[in-house]
>>> print(open('input.txt').read())   # compact mmCIF, C-alpha atoms and all ligand atoms
# COMPACT_ATOMS: atom_id res chain seq x y z
CA MET S 2 -46.71 95.06 42.06
CA THR S 3 -45.35 91.71 40.86
CA ASN S 4 -47.13 90.26 37.86
CA LEU S 5 -47.30 86.48 38.49
CA ILE S 6 -49.27 84.24 36.14
CA ILE S 7 -49.95 80.63 37.11
CA ALA S 8 -49.93 78.49 33.96
CA THR S 9 -51.67 75.12 34.05
CA THR S 10 -51.00 74.12 30.43
CA LEU S 11 -48.05 74.46 28.08
CA ALA S 12 -50.10 76.72 25.80
CA GLU S 13 -50.91 79.07 28.69
CA ALA S 14 -47.25 79.22 29.68
CA ARG S 15 -46.06 79.88 26.16
CA ASN S 16 -48.58 82.66 25.54
CA ALA S 17 -48.03 84.42 28.86
CA GLU S 18 -45.76 87.43 29.30
CA GLY S 19 -42.84 86.91 31.72
CA GLU S 20 -39.95 84.69 32.82
CA PHE S 21 -40.74 81.08 33.71
CA LEU S 22 -40.65 80.27 37.41
CA ALA S 23 -39.91 76.67 38.44
CA GLY S 24 -38.23 76.06 41.84
CA GLY S 25 -37.26 79.73 41.94
CA THR S 26 -33.81 79.17 43.46
CA ASP S 27 -32.10 81.08 40.65
CA LEU S 28 -34.86 83.43 39.53
CA MET S 29 -35.84 84.70 43.00
CA ASP S 30 -32.19 85.49 43.74
CA ARG S 31 -32.05 87.66 40.63
CA ARG S 32 -35.28 89.38 41.64
CA ARG S 33 -33.90 90.14 45.08
CA HIS S 34 -30.98 91.85 43.35
CA HIS S 35 -33.29 93.73 40.94
CA VAL S 36 -31.70 92.02 37.94
CA SER S 37 -34.99 90.34 36.90
CA THR S 38 -37.84 92.85 37.15
CA GLY S 39 -40.53 91.77 34.67
CA GLY S 40 -43.48 89.40 35.05
CA MET S 41 -43.20 85.75 36.10
CA VAL S 42 -45.02 82.69 34.78
CA ASP S 43 -45.26 79.81 37.25
CA ILE S 44 -44.87 76.53 35.30
CA CYS S 45 -44.96 74.14 38.28
CA ARG S 46 -48.61 73.17 37.80
CA ILE S 47 -48.33 72.00 34.19
CA ALA S 48 -49.27 68.29 34.09
CA GLY S 49 -46.86 65.62 32.85
CA LEU S 50 -43.54 67.27 33.75
CA GLY S 51 -42.97 65.62 37.14
CA GLU S 52 -42.17 61.98 36.33
CA ILE S 53 -39.10 59.79 35.84
CA GLU S 54 -40.01 56.89 33.56
CA ALA S 55 -38.57 54.28 31.21
CA HIS S 56 -38.69 55.54 27.63
CA ALA S 57 -37.45 54.20 24.27
CA GLY S 58 -34.83 51.90 25.81
CA GLY S 59 -33.58 54.63 28.16
CA TYR S 60 -35.30 56.98 30.60
CA ARG S 61 -36.93 60.35 30.52
CA ILE S 62 -37.06 62.87 33.31
CA GLY S 63 -39.72 65.59 33.42
CA SER S 64 -38.36 69.11 33.71
CA GLN S 65 -40.17 69.69 37.04
CA VAL S 66 -38.51 66.71 38.73
CA THR S 67 -36.24 67.96 41.52
CA LEU S 68 -32.51 67.30 41.80
CA ASP S 69 -33.17 65.42 45.00
CA ALA S 70 -35.65 63.08 43.28
CA VAL S 71 -33.10 62.36 40.55
CA ALA S 72 -30.35 61.68 43.11
CA GLN S 73 -32.57 59.21 44.99
CA HIS S 74 -34.23 57.42 42.09
CA PRO S 75 -33.27 53.70 42.01
CA ALA S 76 -33.20 53.46 38.19
CA ILE S 77 -31.04 56.57 37.85
CA ILE S 78 -28.67 55.28 40.54
CA ASP S 79 -28.43 51.89 38.78
CA HIS S 80 -28.26 52.99 35.14
CA TYR S 81 -26.86 56.57 35.18
CA PRO S 82 -24.74 56.63 38.36
CA GLY S 83 -22.75 59.71 37.33
CA LEU S 84 -25.99 61.70 37.07
CA ALA S 85 -27.25 60.50 40.47
CA ILE S 86 -23.93 61.35 42.16
CA ALA S 87 -23.84 64.86 40.67
CA ALA S 88 -27.50 65.61 41.42
CA GLY S 89 -26.89 64.67 45.05
CA ALA S 90 -23.65 66.62 45.35
CA LEU S 91 -24.38 70.16 44.21
CA ALA S 92 -25.70 73.09 46.29
CA THR S 93 -27.41 72.09 49.57
CA PRO S 94 -30.17 69.62 50.55
CA GLN S 95 -32.63 72.53 50.76
CA ILE S 96 -31.78 73.76 47.26
CA ARG S 97 -31.85 70.23 45.83
CA SER S 98 -35.34 69.65 47.20
CA MET S 99 -36.64 72.77 45.38
CA ALA S 100 -34.47 73.02 42.26
CA SER S 101 -35.92 71.48 39.10
CA MET S 102 -34.10 69.72 36.29
CA GLY S 103 -35.32 72.36 33.83
CA GLY S 104 -34.08 75.15 36.08
CA VAL S 105 -30.68 73.60 36.68
CA LEU S 106 -30.10 73.37 32.93
CA LEU S 107 -31.36 76.90 32.18
CA GLN S 108 -30.06 78.79 35.22
CA THR S 109 -28.35 82.13 34.68
CA THR S 110 -24.66 82.95 35.00
CA ARG S 111 -23.20 83.38 38.51
CA CYS S 112 -21.05 86.30 37.38
CA TRP S 113 -21.18 88.90 40.16
CA TYR S 114 -21.08 91.79 37.68
CA PHE S 115 -24.14 90.33 35.96
CA ARG S 116 -25.89 89.87 39.31
CA HIS S 117 -25.26 93.46 40.44
CA GLU S 118 -27.87 95.94 39.27
CA ALA S 119 -25.28 98.70 38.82
CA PHE S 120 -23.42 96.90 36.03
CA THR S 121 -24.36 96.25 32.44
CA CYS S 122 -22.63 93.73 30.15
CA TYR S 123 -23.10 91.55 27.05
CA LYS S 124 -25.49 89.27 28.95
CA LYS S 125 -27.66 92.27 29.91
CA GLY S 126 -27.84 93.74 26.43
CA GLY S 127 -24.73 95.91 26.81
CA ASP S 128 -21.58 96.06 24.71
CA SER S 129 -18.79 95.26 27.16
CA CYS S 130 -17.63 92.73 29.74
CA PRO S 131 -16.57 94.43 32.98
CA SER S 132 -15.33 91.10 34.31
CA ARG S 133 -12.75 90.74 31.52
CA GLU S 134 -11.24 94.09 32.46
CA GLY S 135 -11.91 93.62 36.18
CA ASP S 136 -12.12 90.67 38.56
CA HIS S 137 -12.42 87.37 36.72
CA ARG S 138 -10.83 84.98 39.19
CA PHE S 139 -13.69 82.46 38.69
CA GLY S 140 -13.65 82.92 34.92
CA VAL S 141 -12.99 80.63 31.98
CA VAL S 142 -9.78 78.85 31.04
CA PHE S 143 -10.92 78.28 27.46
CA ASP S 144 -11.59 81.85 26.34
CA THR S 145 -13.88 81.49 23.32
CA SER S 146 -16.57 84.11 23.96
CA PRO S 147 -16.85 87.84 24.66
CA CYS S 148 -18.32 86.76 28.07
CA VAL S 149 -15.62 85.29 30.33
CA PHE S 150 -17.78 83.54 32.93
CA PRO S 151 -18.12 79.73 32.72
CA HIS S 152 -21.44 78.00 32.21
CA PRO S 153 -22.96 77.35 35.65
CA SER S 154 -24.78 74.04 35.11
CA THR S 155 -23.29 70.94 36.71
CA ILE S 156 -26.14 68.80 35.42
CA GLY S 157 -25.81 70.28 31.92
CA MET S 158 -22.21 69.06 31.88
CA VAL S 159 -23.15 65.61 33.18
CA LEU S 160 -26.09 65.20 30.78
CA MET S 161 -23.82 66.18 27.89
CA ASN S 162 -21.49 63.38 29.00
CA TYR S 163 -24.46 60.98 28.92
CA ALA S 164 -25.41 62.14 25.38
CA ALA S 165 -28.83 63.15 26.70
CA GLN S 166 -31.32 65.19 24.69
CA VAL S 167 -33.92 67.68 25.80
CA GLU S 168 -37.50 67.97 24.62
CA ILE S 169 -38.84 71.48 24.01
CA ASN S 170 -42.53 72.39 24.22
CA GLY S 171 -43.41 68.68 24.00
CA GLU S 172 -42.73 69.02 20.26
CA ARG S 173 -39.08 68.76 19.28
CA THR S 174 -35.83 67.43 20.69
CA MET S 175 -32.34 68.83 20.66
CA THR S 176 -28.93 67.64 21.82
CA MET S 177 -27.28 69.25 24.83
CA GLN S 178 -24.77 70.82 22.43
CA GLU S 179 -27.64 72.40 20.49
CA LEU S 180 -29.21 73.59 23.74
CA TYR S 181 -26.05 75.42 24.81
CA GLY S 182 -24.61 76.43 21.43
CA GLY S 183 -20.96 76.56 20.47
CA GLY S 184 -19.65 78.77 23.28
CA THR S 185 -19.04 81.86 21.17
CA ASP S 186 -22.24 83.86 21.83
CA GLY S 187 -21.57 85.95 24.92
CA THR S 188 -25.14 87.21 25.22
CA ARG S 189 -26.92 84.11 26.57
CA GLU S 190 -26.46 80.78 28.35
CA HIS S 191 -28.65 78.72 26.00
CA THR S 192 -30.35 78.85 22.64
CA LEU S 193 -34.03 78.62 23.69
CA ALA S 194 -36.48 81.42 22.92
CA PRO S 195 -38.15 83.12 25.91
CA SER S 196 -41.43 81.31 25.15
CA ASP S 197 -39.84 77.83 24.92
CA VAL S 198 -40.57 75.43 27.77
CA LEU S 199 -38.04 72.66 28.36
CA THR S 200 -40.40 69.73 28.97
CA GLN S 201 -38.32 66.53 29.27
CA ILE S 202 -34.76 65.27 29.52
CA ILE S 203 -34.23 62.13 27.46
CA LEU S 204 -31.49 59.69 28.47
CA PRO S 205 -30.31 57.09 25.94
CA ALA S 206 -30.03 53.39 26.81
CA ALA S 207 -27.73 52.74 29.75
CA VAL S 208 -24.22 51.39 29.19
CA ASN S 209 -23.70 47.97 30.72
CA ALA S 210 -21.34 47.69 33.72
CA GLU S 211 -20.64 51.42 33.74
CA ARG S 212 -18.55 52.83 36.59
CA ALA S 213 -19.01 56.57 36.99
CA GLY S 214 -17.62 59.41 38.99
CA TYR S 215 -18.42 63.08 39.51
CA PHE S 216 -16.01 65.27 41.41
CA ARG S 217 -15.46 68.98 41.89
CA SER S 218 -12.80 71.38 43.03
CA ILE S 219 -14.54 74.05 45.04
CA SER S 220 -13.57 77.10 47.08
CA ARG S 221 -15.51 75.98 50.18
CA ALA S 222 -16.81 72.63 51.39
CA ARG S 223 -20.31 72.94 49.84
CA ALA S 224 -23.09 75.33 48.82
CA GLU S 225 -20.95 76.85 46.09
CA TRP S 226 -20.56 76.39 42.34
CA ALA S 227 -17.47 74.43 41.37
CA LEU S 228 -14.22 76.01 40.23
CA VAL S 229 -13.72 72.93 38.07
CA GLU S 230 -15.98 69.88 37.91
CA VAL S 231 -15.67 66.61 36.03
CA SER S 232 -17.93 63.75 35.00
CA ALA S 233 -16.22 60.45 34.10
CA ARG S 234 -17.76 57.21 32.86
CA LEU S 235 -15.71 54.06 32.39
CA VAL S 236 -16.22 50.43 31.46
CA VAL S 237 -13.35 48.13 32.35
CA ASP S 238 -12.99 44.49 31.23
CA ASP S 239 -11.86 41.48 33.27
CA ASN S 240 -8.20 42.34 32.54
CA ASP S 241 -8.66 45.89 33.81
CA GLN S 242 -8.45 47.34 30.30
CA ILE S 243 -10.68 50.34 29.61
CA THR S 244 -13.22 49.52 26.90
CA PHE S 245 -15.39 52.65 27.14
CA ALA S 246 -14.58 56.17 28.37
CA ARG S 247 -16.50 59.43 28.48
CA VAL S 248 -15.10 62.47 30.26
CA ALA S 249 -16.55 66.01 30.44
CA VAL S 250 -15.49 69.11 32.33
CA GLY S 251 -17.39 72.14 33.63
CA GLY S 252 -16.48 75.46 35.20
CA VAL S 253 -13.84 76.23 32.60
CA ALA S 254 -15.56 77.37 29.40
CA PRO S 255 -18.67 79.29 28.27
CA VAL S 256 -20.36 75.91 27.71
CA PRO S 257 -19.68 72.50 29.28
CA MET S 258 -16.88 70.66 27.45
CA LEU S 259 -16.71 67.09 26.19
CA LEU S 260 -13.18 65.69 25.97
CA PRO S 261 -13.09 63.30 22.96
CA THR S 262 -9.27 63.27 22.86
CA VAL S 263 -9.22 62.03 26.44
CA ASN S 264 -11.84 59.36 25.64
CA ASP S 265 -9.87 58.18 22.59
CA TYR S 266 -6.67 57.98 24.62
CA LEU S 267 -8.23 55.98 27.47
CA VAL S 268 -9.92 53.26 25.42
CA GLY S 269 -7.58 50.25 25.20
CA LYS S 270 -5.37 51.45 28.07
CA PRO S 271 -5.03 49.74 31.44
CA ALA S 272 -7.07 51.37 34.21
CA THR S 273 -4.04 52.64 36.12
CA ASP S 274 -2.92 55.89 37.66
CA GLU S 275 -0.38 56.22 34.83
CA SER S 276 -3.17 56.17 32.22
CA PHE S 277 -5.29 58.55 34.29
CA ALA S 278 -2.35 60.98 34.58
CA VAL S 279 -1.86 61.11 30.81
CA ALA S 280 -5.61 61.59 30.33
CA ALA S 281 -5.61 64.44 32.87
CA GLU S 282 -2.74 66.14 31.03
CA LEU S 283 -4.60 65.80 27.72
CA ALA S 284 -7.65 67.46 29.31
CA THR S 285 -5.71 70.71 29.67
CA ALA S 286 -4.72 70.90 25.98
CA GLY S 287 -5.70 74.15 24.30
CA ALA S 288 -6.28 76.05 27.54
CA ASN S 289 -5.79 79.81 27.11
CA PRO S 290 -6.48 81.16 30.59
CA LEU S 291 -7.24 84.74 31.49
CA PRO S 292 -4.74 86.69 33.62
CA GLN S 293 -6.46 85.52 36.84
CA THR S 294 -7.51 81.96 35.88
CA GLY S 295 -4.18 80.21 35.26
CA TYR S 296 -4.65 78.31 38.53
CA LYS S 297 -7.61 76.45 37.00
CA VAL S 298 -5.35 74.64 34.51
CA LYS S 299 -3.79 72.72 37.42
CA LEU S 300 -7.27 72.15 38.85
CA ILE S 301 -8.40 70.59 35.54
CA TYR S 302 -5.46 68.19 35.73
CA GLY S 303 -6.14 67.27 39.36
CA THR S 304 -9.92 67.05 39.06
CA VAL S 305 -9.85 64.86 35.94
CA PHE S 306 -7.28 62.57 37.59
CA ASP S 307 -9.30 62.30 40.82
CA THR S 308 -12.59 61.75 39.00
CA LEU S 309 -11.15 58.94 36.89
CA GLN S 310 -9.82 57.26 40.04
CA ARG S 311 -13.21 57.68 41.72
CA ALA S 312 -15.06 56.27 38.73
CA TYR S 313 -12.76 53.26 38.58
CA ASN S 314 -13.02 52.65 42.34
CA ARG S 315 -16.76 53.40 42.37
CA ILE S 316 -16.45 56.10 45.03
CA TRP S 317 -19.97 57.42 45.59
CA SER S 318 -19.34 61.02 46.49
CA GLY S 319 -19.00 64.21 44.51
CA GLU S 320 -17.75 66.45 47.26
CA GLY S 321 -14.10 67.34 47.71
C1 LIG P 401 -25.93 77.90 47.33
C2 LIG P 401 -26.19 77.38 45.94
C3 LIG P 401 -25.26 76.55 45.34
C4 LIG P 401 -25.48 76.07 44.05
N1 LIG P 401 -24.55 75.25 43.45
C5 LIG P 401 -24.76 74.78 42.19
C6 LIG P 401 -23.83 73.95 41.53
O1 LIG P 401 -22.79 73.60 42.06
N2 LIG P 401 -24.11 73.53 40.28
C7 LIG P 401 -25.26 73.88 39.64
O2 LIG P 401 -25.48 73.47 38.51
N3 LIG P 401 -26.16 74.68 40.24
C8 LIG P 401 -25.94 75.14 41.48
N4 LIG P 401 -26.86 75.94 42.07
C9 LIG P 401 -27.97 76.45 41.27
C10 LIG P 401 -29.20 75.62 41.38
O3 LIG P 401 -28.93 74.34 40.90
C11 LIG P 401 -30.22 76.34 40.51
O4 LIG P 401 -30.56 77.56 41.14
C12 LIG P 401 -31.47 75.51 40.33
O5 LIG P 401 -31.19 74.26 39.78
C13 LIG P 401 -32.47 76.23 39.43
O6 LIG P 401 -33.65 75.45 39.38
P1 LIG P 401 -35.06 76.12 39.72
O7 LIG P 401 -36.08 75.09 39.47
O8 LIG P 401 -35.03 76.71 41.09
O9 LIG P 401 -35.07 77.23 38.61
P2 LIG P 401 -35.71 78.69 38.59
O10 LIG P 401 -34.95 79.60 39.48
O11 LIG P 401 -37.18 78.62 38.77
O12 LIG P 401 -35.41 79.05 37.07
C14 LIG P 401 -34.09 79.22 36.60
C15 LIG P 401 -34.15 79.71 35.16
O13 LIG P 401 -34.57 78.67 34.28
C16 LIG P 401 -35.78 79.02 33.61
N5 LIG P 401 -36.56 77.79 33.58
C17 LIG P 401 -36.79 76.96 34.62
N6 LIG P 401 -37.43 75.87 34.21
C18 LIG P 401 -37.66 76.03 32.89
C19 LIG P 401 -38.29 75.22 31.90
N7 LIG P 401 -38.80 74.02 32.17
N8 LIG P 401 -38.33 75.69 30.63
C20 LIG P 401 -37.81 76.90 30.31
N9 LIG P 401 -37.19 77.70 31.21
C21 LIG P 401 -37.12 77.26 32.48
C22 LIG P 401 -36.38 80.13 34.43
O14 LIG P 401 -37.17 81.00 33.64
C23 LIG P 401 -35.15 80.84 34.96
O15 LIG P 401 -34.63 81.72 34.00
C24 LIG P 401 -26.67 76.42 43.37
C25 LIG P 401 -27.61 77.26 43.98
C26 LIG P 401 -27.38 77.73 45.25
C27 LIG P 401 -28.39 78.65 45.85
S1 LIG P 402 -20.38 89.47 29.87
FE1 LIG P 402 -20.27 87.59 31.13
S2 LIG P 402 -18.39 87.69 32.35
FE2 LIG P 402 -18.79 89.73 31.46
S3 LIG P 402 -19.85 90.78 33.11
FE3 LIG P 402 -21.44 89.88 31.81
S4 LIG P 402 -21.89 87.84 32.64
FE4 LIG P 402 -20.00 88.61 33.58
>>> encode(input="input.txt", output="structure tokens", more="lines below")
Ligand SMILES: Cc1cc2nc3c(=O)[nH]c(=O)nc-3n(C[C@H](O)[C@H](O)[C@H](O)COP(=O)(O)OP(=O)(O)OC[C@H]3O[C@@H](n4cnc5c(N)ncnc54)[C@H](O)[C@@H]3O)c2cc1C
Ligand code: SF4
Amino acid sequence: MTNLIIATTLAEARNAEGEFLAGGTDLMDRRRHHVSTGGMVDICRIAGLGEIEAHAGGYRIGSQVTLDAVAQHPAIIDHYPGLAIAAGALATPQIRSMASMGGVLLQTTRCWYFRHEAFTCYKKGGDSCPSREGDHRFGVVFDTSPCVFPHPSTIGMVLMNYAAQVEINGERTMTMQELYGGGTDGTREHTLAPSDVLTQIILPAAVNAERAGYFRSISRARAEWALVEVSARLVVDDNDQITFARVAVGGVAPVPMLLPTVNDYLVGKPATDESFAVAAELATAGANPLPQTGYKVKLIYGTVFDTLQRAYNRIWSGEG
């Protein structure tokens, strides 16, 4: 029999035995495949986690807010356009109406070895990675961890590019980099303890006149995680010179990657295809692909280039 506890306060959730259940779009899939078998603690009824509100010059988003609500929220669309585009582009409308912001950040790897009950691996407490020796066609291009599957969270990548923070247990905050760690621990996707509840996402003050893009290379039209995905934020002056640039990439490393070298290159350059091409080339620097992931290096180039063009031209779509 399934042991499901309904928590109505943070304290109840933290003291209960089991894995937190929010929208359930990741967790219930793992249960169907007998990969998650313990108790569950429903955290959807905890008060105060379902709002988007102005906060300390920026905004904060409760961890139970759905992706759909983020994608449709006027203030997010106006002030953090790259987040709104990405939240409205991933998965399907049905998933986006259920999936929570906490769940999208803390979802589990999509690795098919991990999600098959017959296999064990580093992320299941084992001492090997069957994907490294086997099929890793969707694996990393920056091979920094014993686990070769990329981090799954689109929104984690975008929030990192917005220098967002997360609040844990209503008590402390951490950066997105602290949430995900340095990309060398192959045993987990994030650094939270099992009893930690991610309560809020905190966005810093918006950047004036920002143009943003989110774009993905994907193996089918939709309803699939990206092979490579990019968030780009630009500010361009009256002479079409770039005065602010932030670019991040997902689907290629054990944690989402910020690209400071690309940002440094772009600032002061004209917003032209020539500049975007050099930036896209710089984004591939240091790639050490696996035997089956060399194709993703070209995808990084193409996806960064396309996303920069889309940001500059304010193209409001994240689907390829
Ligand atoms: C067809 C399909 C395509 C998809 N494509 C993408 C994609 O392109 N990009 C992408 O990023 N995602 C994608 N997803 C994944 C989807 O975004 C996640 O399944 C969803 O966001 C998880 O949110 P949830 O509320 O349903 O989480 P749940 O399934 O309820 O939980 C997920 C995990 O997070 C933990 N958790 C949830 N909330 C909290 C909290 N507040 N504090 C602590 N722990 C918590 C849970 O214990 C669980 O381990 C896709 C899913 C599907 C089905
Ligand atoms: S260690 Fe990572 S890549 Fe290897 S099988 Fe497990 S989840 Fe997949």
>>> residues_near_ligand(input="input.txt", ligand="ligand LIG 402 (chain P)", cutoff="10 Å", atoms="all atoms listed in the file", output="PyMOL selection string")
chain S and resi 109-117+120-137+139-141+146-152+186-190+255
>>> atom_distance(input="input.txt", atom1="atom CA of S:Arg33", atom2="atom CA of S:Gln201")
28.8 Å
>>> residues_near_point(input="input.txt", point="(-15.3, 59.2, 31.7)", cutoff="9 Å", atoms="all atoms listed in the file", output="count of residues only")
23
>>> closest_residue(input="input.txt", among="S:Glu20, S:Glu13, S:Asp274, S:Glu179", to="ligand LIG 401 (chain P)", atoms="only C-alpha atoms and all ligand atoms")
S:Glu20
>>> residues_around(input="input.txt", residues="S:Gly103", least_positions_apart="3", cutoff="10 Å", atoms="only C-alpha atoms", output="list in words")
Ala23, Gly24, Leu50, Ile62, Gly63, Ser64, Gln65, Val66, Thr67, Leu68, Ala100, Leu106, Leu107, Gln108, Ile156, Gly157, Val167, Val198, Leu199, Thr200, Gln201 and Ile202 of chain S
>>> atom_distance(input="input.txt", atom1="atom CA of S:Cys45", atom2="atom CA of S:Gly58")
27.4 Å
>>> residues_around(input="input.txt", residues="S:Gly182", least_positions_apart="5", cutoff="8 Å", atoms="only C-alpha atoms", output="VMD selection string")
chain S and resid 191 to 192 256
>>> atom_distance(input="input.txt", atom1="atom CA of S:Val142", atom2="atom CA of S:Gly295")
7.1 Å
>>> closest_residue(input="input.txt", among="S:Thr262, S:Ser154, S:Thr273, S:Ser196", to="ligand LIG 401 (chain P)", atoms="only C-alpha atoms and all ligand atoms")
S:Ser154
>>> closest_residue(input="input.txt", among="S:Gln178, S:Asn16, S:Ser37, S:Asn314", to="ligand LIG 401 (chain P)", atoms="only C-alpha atoms and all ligand atoms")
S:Ser37
>>> closest_residue(input="input.txt", among="S:Val71, S:Ile53, S:Ala224, S:Met158", to="ligand LIG 401 (chain P)", atoms="only C-alpha atoms and all ligand atoms")
S:Ala224
>>> residues_around(input="input.txt", residues="S:Gly303", least_positions_apart="4", cutoff="12 Å", atoms="all atoms listed in the file", output="list in words")
Phe216, Arg217, Ser218, Leu228, Val229, Glu230, Val231, Val250, Asp274, Phe277, Ala278, Val279, Ala280, Ala281, Glu282, Leu283, Ala284, Thr285, Tyr296, Lys297, Val298, Lys299, Asp307, Thr308, Leu309, Gln310 and Gly321 of chain S
>>> residues_around(input="input.txt", residues="S:Ala88", least_positions_apart="4", cutoff="9 Å", atoms="all atoms listed in the file", output="CSV table (one decimal) with C-alpha atoms, in the coordinates of the input")
chain,number,residue,atom,x,y,z
S,68,LEU,CA,-32.5,67.3,41.8
S,69,ASP,CA,-33.2,65.4,45.0
S,70,ALA,CA,-35.6,63.1,43.3
S,71,VAL,CA,-33.1,62.4,40.6
S,72,ALA,CA,-30.4,61.7,43.1
S,73,GLN,CA,-32.6,59.2,45.0
S,83,GLY,CA,-22.8,59.7,37.3
S,84,LEU,CA,-26.0,61.7,37.1
S,97,ARG,CA,-31.8,70.2,45.8
S,155,THR,CA,-23.3,70.9,36.7
S,156,ILE,CA,-26.1,68.8,35.4
>>> closest_residue(input="input.txt", among="S:Glu211, S:Asp197, S:Glu275, S:Asp43", to="S:Tyr81", atoms="only C-alpha atoms")
S:Glu211
>>> closest_residue(input="input.txt", among="S:Val105, S:Leu193, S:Ala12, S:Ala254", to="S:Leu160", atoms="only C-alpha atoms")
S:Val105
>>> residues_around(input="input.txt", residues="S:Gly19", least_positions_apart="4", cutoff="6 Å", atoms="all atoms listed in the file", output="PyMOL selection string")
chain S and resi 40-42
>>> axis_aligned_box(input="input.txt", around="stretch 146-152 of chain S", padding_each_side="4 Å", output="lines of an AutoDock Vina configuration file")
center_x = -18.5
center_y = 82.9
center_z = 28.4
size_x = 13.8
size_y = 17.8
size_z = 17.0
>>> residues_near_point(input="input.txt", point="(-8.0, 46.5, 25.4)", cutoff="12 Å", atoms="all atoms listed in the file", output="list in words")
Val236, Val237, Asp238, Asp239, Asn240, Asp241, Gln242, Ile243, Thr244, Phe245, Tyr266, Leu267, Val268, Gly269, Lys270, Pro271 and Ala272 of chain S
